Amino acid sequence: MLDKIVLKGKEMQMSDDEFFSFCQANPSLNIERNAKREIIIMSPTNSSTGSISLKIGHQLESWNEQHGSGITFDSSTGFTLPDQSVMSPDASWLSLAKWQQLTQAQKEKFAPVCPEFIVELKSKSDRLNDLQAKMESWLQNGAQLAWLIVPEEERVYIYESGQIVRQHQGFQTQLSADPVLPGFQLDLAKLKVP
């Protein structure tokens with residue numbers, strides 16, 4: 001089973017508009033572009049991971065509705081980062097201040113902005129090393145707080161700008177996103193899939 005294809009080489013180079021059109025023409029594929037402008041095509045997520053991803057997004061959006069301080073995004077949302085990669089986190093949050101700096105045209109493509117908070121979710125087919133490198137890339141591009149959630153181990157790797165990576169073990173508690181998202185606590189117990 002093939003989980004990821006990396007398309008590289010001079011013949012695969014696309015302009016930003018061509019890449020956007022390619023993604024729009026293939027909506028059933030999960031497509032990203034790394035800083036080397038290599039196109040990465042990933043398999044769709046499995047059912048268990050998709051269920052957990054929705055639970056994370058629901059909790060984040062519920063908090064955001066109460067606070068109204070930003071915009072939340074699902075796993076289908078691509079962002080053009082300062083290093084020119086285009087990545088799609090499983091869930092993310094962007095402050096209203098950053099969102100309002102974008103033009104309408106930018107909002108209708110892969111917005112050239114890095115969310116302040118992102119969540120990546122490891123599925124069983126993902127390689128931990130690849131995801132850890134991706135988390136570092138999120139920080140290098142401007143994310144303030146990034147969580148890598150590994151459900152099968154009930155572990156969360158916590159990445160914060162300017163800090164060493166920490167780990168949280170166990171899904172019995174809530175995980176706080178303070179001070180980046182004041183008051184947001186992810187209820188990890190709800191991430192267990194029966």
# chains A, B, ... in the order shown; residues from 1 in each chain; ligands from 1
$ residues_around --residues "region 73-75 of chain A" --least-positions-apart "2" --cutoff "10 Å" --atoms "only C-alpha atoms" --output "VMD selection string"
chain A and resid 30 50 53 to 54 56 to 58 60 to 61 71 77 to 78 87 to 94 115 118 to 121
$ write_last_selection --atoms "N, CA, C and O atoms" --output "CSV table (one decimal), in the first residue's frame"
chain,number,residue,atom,x,y,z
A,30,ASN,N,-5.1,14.4,-1.0
A,30,ASN,CA,-4.5,15.3,0.0
A,30,ASN,C,-3.2,15.7,-0.5
A,30,ASN,O,-2.3,14.8,-0.7
A,50,GLY,N,-9.9,10.1,11.0
A,50,GLY,CA,-10.9,11.1,10.6
A,50,GLY,C,-11.8,11.4,11.7
A,50,GLY,O,-12.2,12.6,11.9
A,53,SER,N,-9.9,13.5,14.3
A,53,SER,CA,-9.7,14.9,13.7
A,53,SER,C,-10.9,15.8,13.8
A,53,SER,O,-10.9,16.9,14.2
A,54,LEU,N,-12.1,15.2,13.6
A,54,LEU,CA,-13.4,15.9,13.7
A,54,LEU,C,-13.6,16.4,15.1
A,54,LEU,O,-14.0,17.5,15.4
A,56,ILE,N,-11.3,17.0,17.4
A,56,ILE,CA,-10.4,18.1,17.7
A,56,ILE,C,-11.0,19.4,17.1
A,56,ILE,O,-11.0,20.4,17.8
A,57,GLY,N,-11.3,19.3,15.9
A,57,GLY,CA,-11.9,20.5,15.2
A,57,GLY,C,-13.1,21.0,15.9
A,57,GLY,O,-13.3,22.3,16.0
A,58,HIS,N,-14.0,20.1,16.3
A,58,HIS,CA,-15.2,20.6,17.0
A,58,HIS,C,-14.9,21.3,18.3
A,58,HIS,O,-15.5,22.3,18.6
A,60,LEU,N,-12.1,22.9,19.1
A,60,LEU,CA,-11.5,24.1,18.8
A,60,LEU,C,-12.5,25.2,18.3
A,60,LEU,O,-12.5,26.3,18.8
A,61,GLU,N,-13.4,24.8,17.4
A,61,GLU,CA,-14.4,25.7,16.9
A,61,GLU,C,-15.4,26.1,18.1
A,61,GLU,O,-15.8,27.3,18.1
A,71,ILE,N,-10.1,32.7,13.6
A,71,ILE,CA,-10.8,31.9,12.6
A,71,ILE,C,-10.2,30.5,12.7
A,71,ILE,O,-9.0,30.3,12.9
A,77,THR,N,-7.7,22.7,4.6
A,77,THR,CA,-7.2,24.0,4.3
A,77,THR,C,-5.7,24.1,4.1
A,77,THR,O,-5.0,23.7,5.0
A,78,GLY,N,-5.3,24.6,3.0
A,78,GLY,CA,-3.9,24.8,2.7
A,78,GLY,C,-3.5,26.2,3.0
A,78,GLY,O,-4.2,27.2,2.8
A,87,MET,N,1.1,23.8,3.2
A,87,MET,CA,0.8,22.6,4.1
A,87,MET,C,-0.6,22.8,4.7
A,87,MET,O,-1.2,23.9,4.7
A,88,SER,N,-1.2,21.6,5.1
A,88,SER,CA,-2.6,21.6,5.6
A,88,SER,C,-2.5,20.9,6.9
A,88,SER,O,-2.4,19.6,7.0
A,89,PRO,N,-2.7,21.6,8.0
A,89,PRO,CA,-2.7,20.9,9.3
A,89,PRO,C,-4.1,20.3,9.5
A,89,PRO,O,-5.0,20.6,8.8
A,90,ASP,N,-4.2,19.4,10.5
A,90,ASP,CA,-5.5,18.7,10.7
A,90,ASP,C,-6.5,19.7,11.3
A,90,ASP,O,-7.7,19.5,11.1
A,91,ALA,N,-6.0,20.6,12.1
A,91,ALA,CA,-6.9,21.7,12.7
A,91,ALA,C,-6.0,22.9,12.9
A,91,ALA,O,-4.8,22.7,13.2
A,92,SER,N,-6.5,24.1,12.8
A,92,SER,CA,-5.7,25.3,13.0
A,92,SER,C,-6.5,26.5,13.4
A,92,SER,O,-7.7,26.5,13.2
A,93,TRP,N,-5.8,27.5,14.0
A,93,TRP,CA,-6.5,28.7,14.4
A,93,TRP,C,-5.6,29.9,14.0
A,93,TRP,O,-4.3,29.8,14.1
A,94,LEU,N,-6.2,30.9,13.5
A,94,LEU,CA,-5.5,32.1,13.1
A,94,LEU,C,-6.2,33.3,13.7
A,94,LEU,O,-7.5,33.4,13.7
A,115,PRO,N,-0.9,29.9,10.5
A,115,PRO,CA,-1.7,29.9,11.7
A,115,PRO,C,-0.8,30.0,13.0
A,115,PRO,O,0.2,29.4,13.0
A,118,ILE,N,-1.6,25.2,15.5
A,118,ILE,CA,-1.9,24.1,14.6
A,118,ILE,C,-1.9,22.7,15.4
A,118,ILE,O,-1.2,22.6,16.4
A,119,VAL,N,-2.7,21.8,14.9
A,119,VAL,CA,-2.7,20.4,15.4
A,119,VAL,C,-2.5,19.5,14.2
A,119,VAL,O,-3.1,19.6,13.2
A,120,GLU,N,-1.5,18.6,14.4
A,120,GLU,CA,-1.3,17.5,13.4
A,120,GLU,C,-1.7,16.2,14.2
A,120,GLU,O,-1.3,16.0,15.4
A,121,LEU,N,-2.3,15.3,13.5
A,121,LEU,CA,-2.7,14.0,14.0
A,121,LEU,C,-2.0,12.9,13.3
A,121,LEU,O,-2.1,12.8,12.1
$ select_by_dssp --residues "region 12-156 of chain A" --states "alpha helix (DSSP H)" --output "PyMOL selection string"
chain A and resi 16-25+47-67+96-100+104-107+128-140
$ closest_residue --among "A:Arg33, A:Lys192, A:Arg166, A:His67" --to "Val86 (chain A)" --atoms "only C-alpha atoms"
A:Arg33
$ atom_distance --atom1 "CA of Val180 (chain A)" --atom2 "CA of Ala97 (chain A)"
13.8 Å
$ closest_residue --among "A:Ser62, A:Ser43, A:Ser69, A:Ser123" --to "Gln100 (chain A)" --atoms "only C-alpha atoms"
A:Ser69
$ closest_residue --among "A:Ser47, A:Phe110, A:Ser76, A:Thr103" --to "Asp17 (chain A)" --atoms "only C-alpha atoms"
A:Phe110
$ residues_around --residues "region 139-145 of chain A" --least-positions-apart "5" --cutoff "10 Å" --atoms "only C-alpha atoms" --output "number ranges by chain"
A: 80-85, 92-94, 113-119, 134, 158-163, 177-181
$ select_by_dssp --residues "chain A" --states "strand (DSSP E)" --output "MDAnalysis selection string"
chainID A and resid 4:7 30:33 39:42 70:73 79:80 86:87 91:95 117:121 145:150 155:160 166:169 174:176 185:187
$ atom_distance --atom1 "CA of Glu65 (chain A)" --atom2 "CA of Trp99 (chain A)"
15.8 Å
$ residues_around --residues "Pro151 (chain A)" --least-positions-apart "6" --cutoff "12 Å" --atoms "only C-alpha atoms" --output "list in words"
Ser48, Thr49, Gly50, Ser51, Ile52, Ser53, Ile56, Glu120, Leu121, Lys122, Ser123, Lys124, Asp126, Tyr157, His168, Gln169, Gly170, Phe171, Leu188, Ala189, Lys190, Leu191, Lys192 and Val193 of chain A
$ residues_around --residues "Pro27 (chain A)" --least-positions-apart "5" --cutoff "12 Å" --atoms "only C-alpha atoms" --output "ChimeraX atom specification"
/A:20-22,41,44,76-77
$ atom_distance --atom1 "CA of Leu186 (chain A)" --atom2 "CA of Gln174 (chain A)"
5.3 Å
